[in-house]
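Asker: Structure supplied as upload.pdb; contents: PDB, C-alpha atoms.
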```pdb
ATOM      1  CA  MET C 216      22.534 105.857 123.726  1.00  0.00           C
ATOM      2  CA  SER C 217      19.615 103.836 125.093  1.00  0.00           C
ATOM      3  CA  GLU C 218      19.741 102.693 128.729  1.00  0.00           C
ATOM      4  CA  SER C 219      18.642  99.241 127.572  1.00  0.00           C
ATOM      5  CA  ALA C 220      21.413  98.736 125.009  1.00  0.00           C
ATOM      6  CA  PRO C 221      23.054  95.315 125.493  1.00  0.00           C
ATOM      7  CA  ILE C 222      26.614  95.121 126.755  1.00  0.00           C
ATOM      8  CA  GLU C 223      27.714  93.583 123.436  1.00  0.00           C
ATOM      9  CA  HIS C 224      26.912  96.878 121.725  1.00  0.00           C
ATOM     10  CA  LEU C 225      29.406  98.670 123.995  1.00  0.00           C
ATOM     11  CA  ALA C 226      32.455  96.769 122.723  1.00  0.00           C
ATOM     12  CA  GLY C 227      35.299  98.777 121.210  1.00  0.00           C
ATOM     13  CA  LEU C 228      36.519 102.321 121.591  1.00  0.00           C
ATOM     14  CA  THR C 229      35.319 103.435 118.186  1.00  0.00           C
ATOM     15  CA  SER C 230      31.586 103.573 119.014  1.00  0.00           C
ATOM     16  CA  GLY C 231      30.716 107.179 118.259  1.00  0.00           C
ATOM     17  CA  ASP C 232      27.367 106.862 120.024  1.00  0.00           C
ATOM     18  CA  LEU C 233      29.063 105.743 123.240  1.00  0.00           C
ATOM     19  CA  ILE C 234      31.830 108.165 124.173  1.00  0.00           C
ATOM     20  CA  ASP C 235      33.896 111.117 123.106  1.00  0.00           C
ATOM     21  CA  ALA C 236      37.363 109.567 123.045  1.00  0.00           C
ATOM     22  CA  GLU C 237      39.150 112.899 122.718  1.00  0.00           C
ATOM     23  CA  GLU C 238      39.089 113.671 126.456  1.00  0.00           C
ATOM     24  CA  PRO C 239      39.963 111.028 129.081  1.00  0.00           C
ATOM     25  CA  LEU C 240      37.891 112.255 132.030  1.00  0.00           C
ATOM     26  CA  ARG C 241      34.678 112.322 130.023  1.00  0.00           C
ATOM     27  CA  LEU C 242      35.538 108.866 128.734  1.00  0.00           C
ATOM     28  CA  PHE C 243      36.188 107.625 132.277  1.00  0.00           C
ATOM     29  CA  ALA C 244      32.898 109.123 133.475  1.00  0.00           C
ATOM     30  CA  ALA C 245      31.002 107.294 130.708  1.00  0.00           C
ATOM     31  CA  TRP C 246      32.643 103.963 131.505  1.00  0.00           C
ATOM     32  CA  PHE C 247      32.201 104.440 135.252  1.00  0.00           C
ATOM     33  CA  GLU C 248      28.503 105.196 134.794  1.00  0.00           C
ATOM     34  CA  GLN C 249      28.095 101.950 132.824  1.00  0.00           C
ATOM     35  CA  ALA C 250      30.029  99.999 135.464  1.00  0.00           C
ATOM     36  CA  THR C 251      27.819 101.500 138.173  1.00  0.00           C
ATOM     37  CA  ARG C 252      24.777 100.022 136.419  1.00  0.00           C
ATOM     38  CA  SER C 253      26.265  96.597 135.755  1.00  0.00           C
ATOM     39  CA  GLU C 254      29.001  95.758 138.284  1.00  0.00           C
ATOM     40  CA  PRO C 255      27.665  93.252 140.881  1.00  0.00           C
ATOM     41  CA  ARG C 256      29.803  94.576 143.751  1.00  0.00           C
ATOM     42  CA  ASP C 257      31.481  97.980 144.094  1.00  0.00           C
ATOM     43  CA  PRO C 258      32.461  99.816 140.880  1.00  0.00           C
ATOM     44  CA  THR C 259      34.540 102.278 142.923  1.00  0.00           C
ATOM     45  CA  ALA C 260      37.003  99.529 143.927  1.00  0.00           C
ATOM     46  CA  MET C 261      40.477 100.091 142.502  1.00  0.00           C
ATOM     47  CA  SER C 262      43.970  98.705 143.007  1.00  0.00           C
ATOM     48  CA  LEU C 263      46.444 101.192 144.469  1.00  0.00           C
ATOM     49  CA  ALA C 264      50.143 100.549 143.805  1.00  0.00           C
ATOM     50  CA  THR C 265      52.945 102.200 145.772  1.00  0.00           C
ATOM     51  CA  VAL C 266      56.642 101.420 146.351  1.00  0.00           C
ATOM     52  CA  ASP C 267      58.422 100.741 149.653  1.00  0.00           C
ATOM     53  CA  THR C 268      61.863 101.970 150.741  1.00  0.00           C
ATOM     54  CA  ASP C 269      63.535  98.984 149.031  1.00  0.00           C
ATOM     55  CA  GLY C 270      61.829  99.749 145.718  1.00  0.00           C
ATOM     56  CA  LEU C 271      59.516  96.735 146.083  1.00  0.00           C
ATOM     57  CA  PRO C 272      55.960  97.446 144.845  1.00  0.00           C
ATOM     58  CA  ASN C 273      52.931  97.142 147.123  1.00  0.00           C
ATOM     59  CA  VAL C 274      49.373  96.851 145.811  1.00  0.00           C
ATOM     60  CA  ARG C 275      46.017  96.729 147.578  1.00  0.00           C
ATOM     61  CA  MET C 276      42.359  97.570 146.975  1.00  0.00           C
ATOM     62  CA  VAL C 277      40.899 100.930 148.007  1.00  0.00           C
ATOM     63  CA  LEU C 278      37.692 102.764 147.144  1.00  0.00           C
ATOM     64  CA  MET C 279      37.498 105.834 144.938  1.00  0.00           C
ATOM     65  CA  LYS C 280      35.432 108.499 146.708  1.00  0.00           C
ATOM     66  CA  ALA C 281      35.590 111.293 144.117  1.00  0.00           C
ATOM     67  CA  PHE C 282      37.012 112.044 140.678  1.00  0.00           C
ATOM     68  CA  GLY C 283      37.192 115.009 138.330  1.00  0.00           C
ATOM     69  CA  GLU C 284      39.570 117.488 136.774  1.00  0.00           C
ATOM     70  CA  ALA C 285      41.490 117.732 140.059  1.00  0.00           C
ATOM     71  CA  GLY C 286      42.132 113.975 140.209  1.00  0.00           C
ATOM     72  CA  PHE C 287      40.994 110.729 141.854  1.00  0.00           C
ATOM     73  CA  VAL C 288      40.424 110.724 145.633  1.00  0.00           C
ATOM     74  CA  PHE C 289      40.648 107.913 148.204  1.00  0.00           C
ATOM     75  CA  TYR C 290      41.069 107.868 151.993  1.00  0.00           C
ATOM     76  CA  THR C 291      43.317 106.038 154.448  1.00  0.00           C
ATOM     77  CA  ASN C 292      45.244 106.163 157.701  1.00  0.00           C
ATOM     78  CA  THR C 293      48.379 108.223 157.118  1.00  0.00           C
ATOM     79  CA  ASP C 294      50.340 105.959 159.497  1.00  0.00           C
ATOM     80  CA  SER C 295      49.516 102.859 157.441  1.00  0.00           C
ATOM     81  CA  GLN C 296      52.019 101.336 155.051  1.00  0.00           C
ATOM     82  CA  LYS C 297      50.328 102.909 152.045  1.00  0.00           C
ATOM     83  CA  GLY C 298      50.014 106.262 153.799  1.00  0.00           C
ATOM     84  CA  LEU C 299      53.715 106.320 154.650  1.00  0.00           C
ATOM     85  CA  GLU C 300      54.677 105.308 151.104  1.00  0.00           C
ATOM     86  CA  LEU C 301      52.363 107.889 149.550  1.00  0.00           C
ATOM     87  CA  ASP C 302      53.745 110.664 151.755  1.00  0.00           C
ATOM     88  CA  ARG C 303      57.344 109.670 151.001  1.00  0.00           C
ATOM     89  CA  ASP C 304      57.246 109.182 147.239  1.00  0.00           C
ATOM     90  CA  ARG C 305      54.181 111.250 146.275  1.00  0.00           C
ATOM     91  CA  LYS C 306      53.607 108.967 143.265  1.00  0.00           C
ATOM     92  CA  ALA C 307      51.235 106.050 142.700  1.00  0.00           C
ATOM     93  CA  ALA C 308      49.242 104.037 140.188  1.00  0.00           C
ATOM     94  CA  LEU C 309      45.574 103.013 140.133  1.00  0.00           C
ATOM     95  CA  LEU C 310      43.717 100.276 138.267  1.00  0.00           C
ATOM     96  CA  PHE C 311      39.983  99.778 137.816  1.00  0.00           C
ATOM     97  CA  HIS C 312      38.803  96.389 136.502  1.00  0.00           C
ATOM     98  CA  TRP C 313      35.112  96.064 135.706  1.00  0.00           C
ATOM     99  CA  LYS C 314      34.467  92.433 134.773  1.00  0.00           C
ATOM    100  CA  SER C 315      30.791  93.008 133.988  1.00  0.00           C
ATOM    101  CA  ILE C 316      31.666  95.195 130.984  1.00  0.00           C
ATOM    102  CA  ASN C 317      35.085  93.661 130.196  1.00  0.00           C
ATOM    103  CA  ARG C 318      36.959  96.902 130.723  1.00  0.00           C
ATOM    104  CA  GLN C 319      39.801  98.298 132.746  1.00  0.00           C
ATOM    105  CA  VAL C 320      41.306 101.744 133.295  1.00  0.00           C
ATOM    106  CA  ARG C 321      44.896 102.321 134.406  1.00  0.00           C
ATOM    107  CA  LEU C 322      46.194 105.614 135.860  1.00  0.00           C
ATOM    108  CA  ARG C 323      49.632 106.858 136.947  1.00  0.00           C
ATOM    109  CA  GLY C 324      50.719 110.166 138.420  1.00  0.00           C
ATOM    110  CA  PRO C 325      51.705 112.298 141.409  1.00  0.00           C
ATOM    111  CA  VAL C 326      49.758 112.125 144.667  1.00  0.00           C
ATOM    112  CA  GLU C 327      48.897 114.858 147.147  1.00  0.00           C
ATOM    113  CA  ARG C 328      46.942 115.050 150.374  1.00  0.00           C
ATOM    114  CA  ILE C 329      43.563 116.735 150.134  1.00  0.00           C
ATOM    115  CA  ASP C 330      42.949 119.752 152.355  1.00  0.00           C
ATOM    116  CA  ASP C 331      41.552 119.380 155.872  1.00  0.00           C
ATOM    117  CA  ALA C 332      38.180 120.909 155.048  1.00  0.00           C
ATOM    118  CA  GLU C 333      37.536 118.354 152.285  1.00  0.00           C
ATOM    119  CA  ALA C 334      38.642 115.482 154.524  1.00  0.00           C
ATOM    120  CA  ASP C 335      36.454 116.722 157.393  1.00  0.00           C
ATOM    121  CA  ALA C 336      33.427 117.000 155.106  1.00  0.00           C
ATOM    122  CA  TYR C 337      33.815 113.458 153.820  1.00  0.00           C
ATOM    123  CA  PHE C 338      34.511 111.990 157.277  1.00  0.00           C
ATOM    124  CA  ALA C 339      31.268 113.506 158.524  1.00  0.00           C
ATOM    125  CA  THR C 340      29.322 111.450 155.931  1.00  0.00           C
ATOM    126  CA  ARG C 341      30.726 108.095 157.101  1.00  0.00           C
ATOM    127  CA  PRO C 342      28.604 105.793 159.286  1.00  0.00           C
ATOM    128  CA  ARG C 343      29.241 106.333 162.987  1.00  0.00           C
ATOM    129  CA  LEU C 344      30.792 102.872 163.473  1.00  0.00           C
ATOM    130  CA  ALA C 345      33.153 103.518 160.561  1.00  0.00           C
ATOM    131  CA  GLN C 346      34.178 106.789 162.205  1.00  0.00           C
ATOM    132  CA  ILE C 347      34.889 104.965 165.462  1.00  0.00           C
ATOM    133  CA  GLY C 348      36.840 102.304 163.585  1.00  0.00           C
ATOM    134  CA  ALA C 349      39.059 104.986 162.060  1.00  0.00           C
ATOM    135  CA  TRP C 350      40.035 106.072 165.575  1.00  0.00           C
ATOM    136  CA  ALA C 351      40.468 102.529 166.886  1.00  0.00           C
ATOM    137  CA  SER C 352      42.544 100.994 164.096  1.00  0.00           C
ATOM    138  CA  LYS C 353      46.336 101.250 164.126  1.00  0.00           C
ATOM    139  CA  GLN C 354      46.286 100.357 160.448  1.00  0.00           C
ATOM    140  CA  SER C 355      49.186  98.115 159.299  1.00  0.00           C
ATOM    141  CA  ALA C 356      50.613  97.822 162.837  1.00  0.00           C
ATOM    142  CA  PRO C 357      50.897  94.386 164.527  1.00  0.00           C
ATOM    143  CA  LEU C 358      47.704  93.365 166.354  1.00  0.00           C
ATOM    144  CA  GLU C 359      48.595  92.762 169.997  1.00  0.00           C
ATOM    145  CA  SER C 360      45.862  90.144 170.625  1.00  0.00           C
ATOM    146  CA  PRO C 361      42.710  88.803 168.949  1.00  0.00           C
ATOM    147  CA  HIS C 362      40.540  91.108 171.072  1.00  0.00           C
ATOM    148  CA  ALA C 363      42.701  94.234 171.069  1.00  0.00           C
ATOM    149  CA  PHE C 364      40.839  95.871 168.175  1.00  0.00           C
ATOM    150  CA  GLU C 365      37.427  95.119 169.668  1.00  0.00           C
ATOM    151  CA  LYS C 366      38.598  96.612 172.969  1.00  0.00           C
ATOM    152  CA  ALA C 367      39.807  99.776 171.210  1.00  0.00           C
ATOM    153  CA  ILE C 368      36.478 100.094 169.396  1.00  0.00           C
ATOM    154  CA  ALA C 369      34.626  99.819 172.711  1.00  0.00           C
ATOM    155  CA  LEU C 370      36.858 102.468 174.287  1.00  0.00           C
ATOM    156  CA  TYR C 371      36.321 104.970 171.462  1.00  0.00           C
ATOM    157  CA  ALA C 372      32.604 104.174 171.300  1.00  0.00           C
ATOM    158  CA  ALA C 373      32.398 105.200 174.961  1.00  0.00           C
ATOM    159  CA  LYS C 374      34.564 108.267 174.414  1.00  0.00           C
ATOM    160  CA  PHE C 375      32.396 109.481 171.528  1.00  0.00           C
ATOM    161  CA  ALA C 376      29.070 108.259 172.928  1.00  0.00           C
ATOM    162  CA  ILE C 377      27.532 111.721 172.550  1.00  0.00           C
ATOM    163  CA  GLY C 378      27.920 114.329 169.859  1.00  0.00           C
ATOM    164  CA  THR C 379      29.835 114.571 166.611  1.00  0.00           C
ATOM    165  CA  ILE C 380      32.907 112.403 166.125  1.00  0.00           C
ATOM    166  CA  PRO C 381      35.867 114.460 164.840  1.00  0.00           C
ATOM    167  CA  ARG C 382      38.172 113.189 162.126  1.00  0.00           C
ATOM    168  CA  PRO C 383      41.323 111.519 163.500  1.00  0.00           C
ATOM    169  CA  PRO C 384      44.430 113.621 162.788  1.00  0.00           C
ATOM    170  CA  ASN C 385      46.107 110.628 161.103  1.00  0.00           C
ATOM    171  CA  TRP C 386      43.207 109.870 158.731  1.00  0.00           C
ATOM    172  CA  THR C 387      42.751 111.823 155.512  1.00  0.00           C
ATOM    173  CA  GLY C 388      42.352 111.675 151.769  1.00  0.00           C
ATOM    174  CA  TYR C 389      44.848 111.486 148.937  1.00  0.00           C
ATOM    175  CA  ARG C 390      44.352 112.676 145.381  1.00  0.00           C
ATOM    176  CA  LEU C 391      46.124 111.074 142.427  1.00  0.00           C
ATOM    177  CA  ARG C 392      46.504 113.557 139.570  1.00  0.00           C
ATOM    178  CA  PRO C 393      47.036 111.417 136.473  1.00  0.00           C
ATOM    179  CA  LEU C 394      49.719 111.995 133.887  1.00  0.00           C
ATOM    180  CA  LEU C 395      48.655 108.793 132.133  1.00  0.00           C
ATOM    181  CA  ILE C 396      45.209 107.234 131.715  1.00  0.00           C
ATOM    182  CA  GLU C 397      44.896 104.060 129.672  1.00  0.00           C
ATOM    183  CA  PHE C 398      41.570 102.508 128.644  1.00  0.00           C
ATOM    184  CA  TRP C 399      41.375  98.799 127.810  1.00  0.00           C
ATOM    185  CA  GLN C 400      38.372  97.045 126.256  1.00  0.00           C
ATOM    186  CA  GLU C 401      38.214  93.295 125.755  1.00  0.00           C
ATOM    187  CA  ARG C 402      37.410  92.067 122.265  1.00  0.00           C
ATOM    188  CA  PRO C 403      37.219  88.527 120.786  1.00  0.00           C
ATOM    189  CA  PHE C 404      40.389  86.641 119.855  1.00  0.00           C
ATOM    190  CA  ARG C 405      42.507  88.984 121.997  1.00  0.00           C
ATOM    191  CA  LEU C 406      42.041  91.840 119.516  1.00  0.00           C
ATOM    192  CA  HIS C 407      41.571  94.166 122.462  1.00  0.00           C
ATOM    193  CA  ASP C 408      41.260  97.933 122.236  1.00  0.00           C
ATOM    194  CA  ARG C 409      43.811 100.051 124.140  1.00  0.00           C
ATOM    195  CA  LEU C 410      43.705 103.822 124.147  1.00  0.00           C
ATOM    196  CA  GLU C 411      46.285 105.848 126.051  1.00  0.00           C
ATOM    197  CA  PHE C 412      46.079 109.503 127.088  1.00  0.00           C
ATOM    198  CA  ARG C 413      49.361 110.991 128.276  1.00  0.00           C
ATOM    199  CA  ARG C 414      50.560 114.462 129.274  1.00  0.00           C
ATOM    200  CA  GLU C 415      54.035 115.590 130.310  1.00  0.00           C
ATOM    201  CA  THR C 416      52.858 117.921 133.090  1.00  0.00           C
ATOM    202  CA  LEU C 417      49.568 118.521 134.880  1.00  0.00           C
ATOM    203  CA  ASP C 418      49.030 121.713 132.872  1.00  0.00           C
ATOM    204  CA  ALA C 419      49.885 120.183 129.493  1.00  0.00           C
ATOM    205  CA  PRO C 420      47.276 119.005 126.970  1.00  0.00           C
ATOM    206  CA  TRP C 421      46.511 115.302 126.673  1.00  0.00           C
ATOM    207  CA  ARG C 422      48.061 113.336 123.793  1.00  0.00           C
ATOM    208  CA  LYS C 423      46.091 110.330 122.574  1.00  0.00           C
ATOM    209  CA  THR C 424      47.712 107.124 121.273  1.00  0.00           C
ATOM    210  CA  ARG C 425      46.125 103.861 120.244  1.00  0.00           C
ATOM    211  CA  LEU C 426      48.199 100.885 121.413  1.00  0.00           C
ATOM    212  CA  TYR C 427      48.647  97.317 120.274  1.00  0.00           C
ATOM    213  CA  PRO C 428      46.849  94.916 122.656  1.00  0.00           C
TER
END
```
Could you spell out this file's structure in structure tokens?
Answerer:
Amino acid sequence: MSESAPIEHLAGLTSGDLIDAEEPLRLFAAWFEQATRSEPRDPTAMSLATVDTDGLPNVRMVLMKAFGEAGFVFYTNTDSQKGLELDRDRKAALLFHWKSINRQVRLRGPVERIDDAEADAYFATRPRLAQIGAWASKQSAPLESPHAFEKAIALYAAKFAIGTIPRPPNWTGYRLRPLLIEFWQERPFRLHDRLEFRRETLDAPWRKTRLYP
């Protein structure tokens, strides 16, 4: 498909020149590549939904840092509310919404921590101030005073003034391994396209179902 094809030509899941709709990860990669070209802000932004101890859902925005056959990776403080909920329930849901191409992708499945080597490698690529911020922030905890965070940043900036900054022990990545991936494409008059891929286990083949909008 031409790089200059107008967005209107991308509408619908039946465009044979756009995607192979038999495999969800290839389909996601195609949509993500289009969103990367057209989305005015960050196409990696996604909603992450978890559940607290009372069964009440929590949702917030995080950034996808990697995706592939192994799953979808994001990073956070393990002592934060989302980190605690992820470690307790080991299940979550993700949602991408790309307004520029009128599409969204929804994912559900089990969650696992990535290994230390992968987390260390990613942390090393972050800007130095972001690395310091990861040490300084007690994410989700009450802020003692308006200047407490700035003071903590200054303290860790002095501590790590020279040399490589190590990854904090309470900061790592999580990988959602989807059992369900649903693709949604806006069409006129609410005749939207919805295509669901579902598998019973992580080793099972995907089953494809077209859904009513």
Asker: Using all atoms listed in the file, can you list as a list in words the residues within 9 Å of (43.1, 106.4, 158.3)?
Answerer: Tyr290, Thr291, Asn292, Thr293, Asp294, Ser295, Gly298, Ala349, Trp350, Ser352, Lys353, Gln354, Pro383, Pro384, Asn385, Trp386, Thr387 and Gly388 of chain C
Asker: Using C-alpha atoms, can you export the residues from the last selection as a compact mmCIF listing (two decimals), in the coordinates of the input?
Answerer:
```txt
# COMPACT_ATOMS: atom_id res chain seq x y z
CA TYR C 290 41.07 107.87 151.99
CA THR C 291 43.32 106.04 154.45
CA ASN C 292 45.24 106.16 157.70
CA THR C 293 48.38 108.22 157.12
CA ASP C 294 50.34 105.96 159.50
CA SER C 295 49.52 102.86 157.44
CA GLY C 298 50.01 106.26 153.80
CA ALA C 349 39.06 104.99 162.06
CA TRP C 350 40.03 106.07 165.58
CA SER C 352 42.54 100.99 164.10
CA LYS C 353 46.34 101.25 164.13
CA GLN C 354 46.29 100.36 160.45
CA PRO C 383 41.32 111.52 163.50
CA PRO C 384 44.43 113.62 162.79
CA ASN C 385 46.11 110.63 161.10
CA TRP C 386 43.21 109.87 158.73
CA THR C 387 42.75 111.82 155.51
CA GLY C 388 42.35 111.68 151.77
```
Asker: I want to know what sits within 7 Å of segment 271-285 of chain C, based on only C-alpha atoms, with residues of the same chain fewer than 3 positions away left out; could you give that as an mmCIF file with C-alpha atoms, in the frame of the given file?
Answerer:
```cif
data_model
loop_
_atom_site.group_PDB
_atom_site.id
_atom_site.type_symbol
_atom_site.label_atom_id
_atom_site.label_comp_id
_atom_site.auth_asym_id
_atom_site.auth_seq_id
_atom_site.Cartn_x
_atom_site.Cartn_y
_atom_site.Cartn_z
ATOM 1 C CA LEU C 240 37.891 112.255 132.030
ATOM 2 C CA THR C 259 34.540 102.278 142.923
ATOM 3 C CA ALA C 260 37.003 99.529 143.927
ATOM 4 C CA MET C 261 40.477 100.091 142.502
ATOM 5 C CA SER C 262 43.970 98.705 143.007
ATOM 6 C CA LEU C 263 46.444 101.192 144.469
ATOM 7 C CA ALA C 264 50.143 100.549 143.805
ATOM 8 C CA THR C 265 52.945 102.200 145.772
ATOM 9 C CA VAL C 266 56.642 101.420 146.351
ATOM 10 C CA ASP C 267 58.422 100.741 149.653
ATOM 11 C CA VAL C 288 40.424 110.724 145.633
ATOM 12 C CA PHE C 289 40.648 107.913 148.204
ATOM 13 C CA ARG C 392 46.504 113.557 139.570
#
```
Asker: What are the centre and edge lengths in Å, to one decimal, of the axis-aligned box around all listed atoms of segment 260-269 of chain C with 6 Å added on each side, as JSON?
Answerer:
```
{"center_x": 50.3, "center_y": 100.5, "center_z": 146.6, "size_x": 38.5, "size_y": 15.5, "size_z": 20.2}
```
Asker: Which distance in Å separates atom CA of Ala419 of chain C and atom CA of Gln319 of chain C, to one decimal?
Answerer: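 For atom CA of Ala419 of chain C relative to atom CA of Gln319 of chain C, the distance reads 24.3 Å.
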Asker: Which residues are near Ala372 of chain C? Cut-off 10 Å, all atoms listed in the file, ignore same chain within fewer than 5 positions. Put them as a ChimeraX atom specification.
Answerer: /C:343-344,346-348,350-351,366-367,377,380
Asker: Based on the selection just made, write C-alpha atoms of those residues as an mmCIF file, in the frame of the given file.
Answerer:
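Contents of result34.cif, as written:
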```
data_model
loop_
_atom_site.group_PDB
_atom_site.id
_atom_site.type_symbol
_atom_site.label_atom_id
_atom_site.label_comp_id
_atom_site.auth_asym_id
_atom_site.auth_seq_id
_atom_site.Cartn_x
_atom_site.Cartn_y
_atom_site.Cartn_z
ATOM 1 C CA ARG C 343 29.241 106.333 162.987
ATOM 2 C CA LEU C 344 30.792 102.872 163.473
ATOM 3 C CA GLN C 346 34.178 106.789 162.205
ATOM 4 C CA ILE C 347 34.889 104.965 165.462
ATOM 5 C CA GLY C 348 36.840 102.304 163.585
ATOM 6 C CA TRP C 350 40.035 106.072 165.575
ATOM 7 C CA ALA C 351 40.468 102.529 166.886
ATOM 8 C CA LYS C 366 38.598 96.612 172.969
ATOM 9 C CA ALA C 367 39.807 99.776 171.210
ATOM 10 C CA ILE C 377 27.532 111.721 172.550
ATOM 11 C CA ILE C 380 32.907 112.403 166.125
#
```
Asker: Please provide as a list in words all residues within 12 Å of Ala236 of chain C, with the sequence filter that same-chain residues fewer than 6 positions apart are discarded (counting only C-alpha atoms).
Answerer: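 Here the qualifying residues turn out to be Gly227, Leu228, Thr229, Ser230, Leu242, Phe243, Ala244, Ala245, Trp246, Ile396, Glu397, Phe398, Arg409, Leu410, Glu411, Phe412, Trp421, Arg422, Lys423, Thr424 and Arg425 of chain C.
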Asker: Mind telling me what the PyMOL selection byres ((chain C and resi 416) around 12) catches here, as a VMD selection string?
Answerer: chain C and resid 324 to 325 392 to 395 413 to 415 417 to 422
Asker: Calculated over all atoms listed in the file, which of the candidates C:Arg305, C:Lys297, C:Pro381, C:Ala345 has the smallest distance to Asp331 of chain C?
Answerer: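 Closest to Asp331 of chain C, using all atoms listed in the file: C:Pro381.
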Asker: Hey, can you check how far atom CA of Arg318 of chain C sits from atom CA of Trp399 of chain C?
Answerer: 5.6 Å
Asker: Identify all residues satisfying the PyMOL selection byres ((chain C and resi 250) around 12) in the given file; provide them as a PDB file with C-alpha atoms, keeping the file's coordinate frame.
Answerer:
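result-v9.pdb was written with the following content:
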```
ATOM      1  CA  ILE C 222      26.614  95.121 126.755  1.00  0.00           C
ATOM      2  CA  LEU C 225      29.406  98.670 123.995  1.00  0.00           C
ATOM      3  CA  PHE C 243      36.188 107.625 132.277  1.00  0.00           C
ATOM      4  CA  ALA C 244      32.898 109.123 133.475  1.00  0.00           C
ATOM      5  CA  ALA C 245      31.002 107.294 130.708  1.00  0.00           C
ATOM      6  CA  TRP C 246      32.643 103.963 131.505  1.00  0.00           C
ATOM      7  CA  PHE C 247      32.201 104.440 135.252  1.00  0.00           C
ATOM      8  CA  GLU C 248      28.503 105.196 134.794  1.00  0.00           C
ATOM      9  CA  GLN C 249      28.095 101.950 132.824  1.00  0.00           C
ATOM     10  CA  THR C 251      27.819 101.500 138.173  1.00  0.00           C
ATOM     11  CA  ARG C 252      24.777 100.022 136.419  1.00  0.00           C
ATOM     12  CA  SER C 253      26.265  96.597 135.755  1.00  0.00           C
ATOM     13  CA  GLU C 254      29.001  95.758 138.284  1.00  0.00           C
ATOM     14  CA  PRO C 255      27.665  93.252 140.881  1.00  0.00           C
ATOM     15  CA  ARG C 256      29.803  94.576 143.751  1.00  0.00           C
ATOM     16  CA  ASP C 257      31.481  97.980 144.094  1.00  0.00           C
ATOM     17  CA  PRO C 258      32.461  99.816 140.880  1.00  0.00           C
ATOM     18  CA  THR C 259      34.540 102.278 142.923  1.00  0.00           C
ATOM     19  CA  ALA C 260      37.003  99.529 143.927  1.00  0.00           C
ATOM     20  CA  PHE C 311      39.983  99.778 137.816  1.00  0.00           C
ATOM     21  CA  HIS C 312      38.803  96.389 136.502  1.00  0.00           C
ATOM     22  CA  TRP C 313      35.112  96.064 135.706  1.00  0.00           C
ATOM     23  CA  LYS C 314      34.467  92.433 134.773  1.00  0.00           C
ATOM     24  CA  SER C 315      30.791  93.008 133.988  1.00  0.00           C
ATOM     25  CA  ILE C 316      31.666  95.195 130.984  1.00  0.00           C
ATOM     26  CA  ASN C 317      35.085  93.661 130.196  1.00  0.00           C
ATOM     27  CA  ARG C 318      36.959  96.902 130.723  1.00  0.00           C
ATOM     28  CA  GLN C 319      39.801  98.298 132.746  1.00  0.00           C
ATOM     29  CA  VAL C 320      41.306 101.744 133.295  1.00  0.00           C
TER      30      VAL C 320
END
```
Asker: State, in Å with one decimal place, the distance from atom CA of Leu322 of chain C to atom CA of Leu310 of chain C.
Answerer: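 Computed distance, atom CA of Leu322 of chain C to atom CA of Leu310 of chain C, equals 6.4 Å.
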Asker: Taking into account all atoms listed in the file, which residue in the set C:Arg382, C:Arg402, C:Tyr427, C:Glu300 is nearest to Tyr337 of chain C?
Answerer: C:Arg382
Asker: Identify which of the residues C:Arg323, C:Lys374, C:Pro239, C:Glu365 lies closest to Leu309 of chain C, counting only C-alpha atoms when measuring atom-to-atom distances.
Answerer: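 Nearest candidate to Leu309 of chain C out of C:Arg323, C:Lys374, C:Pro239, C:Glu365: C:Arg323.
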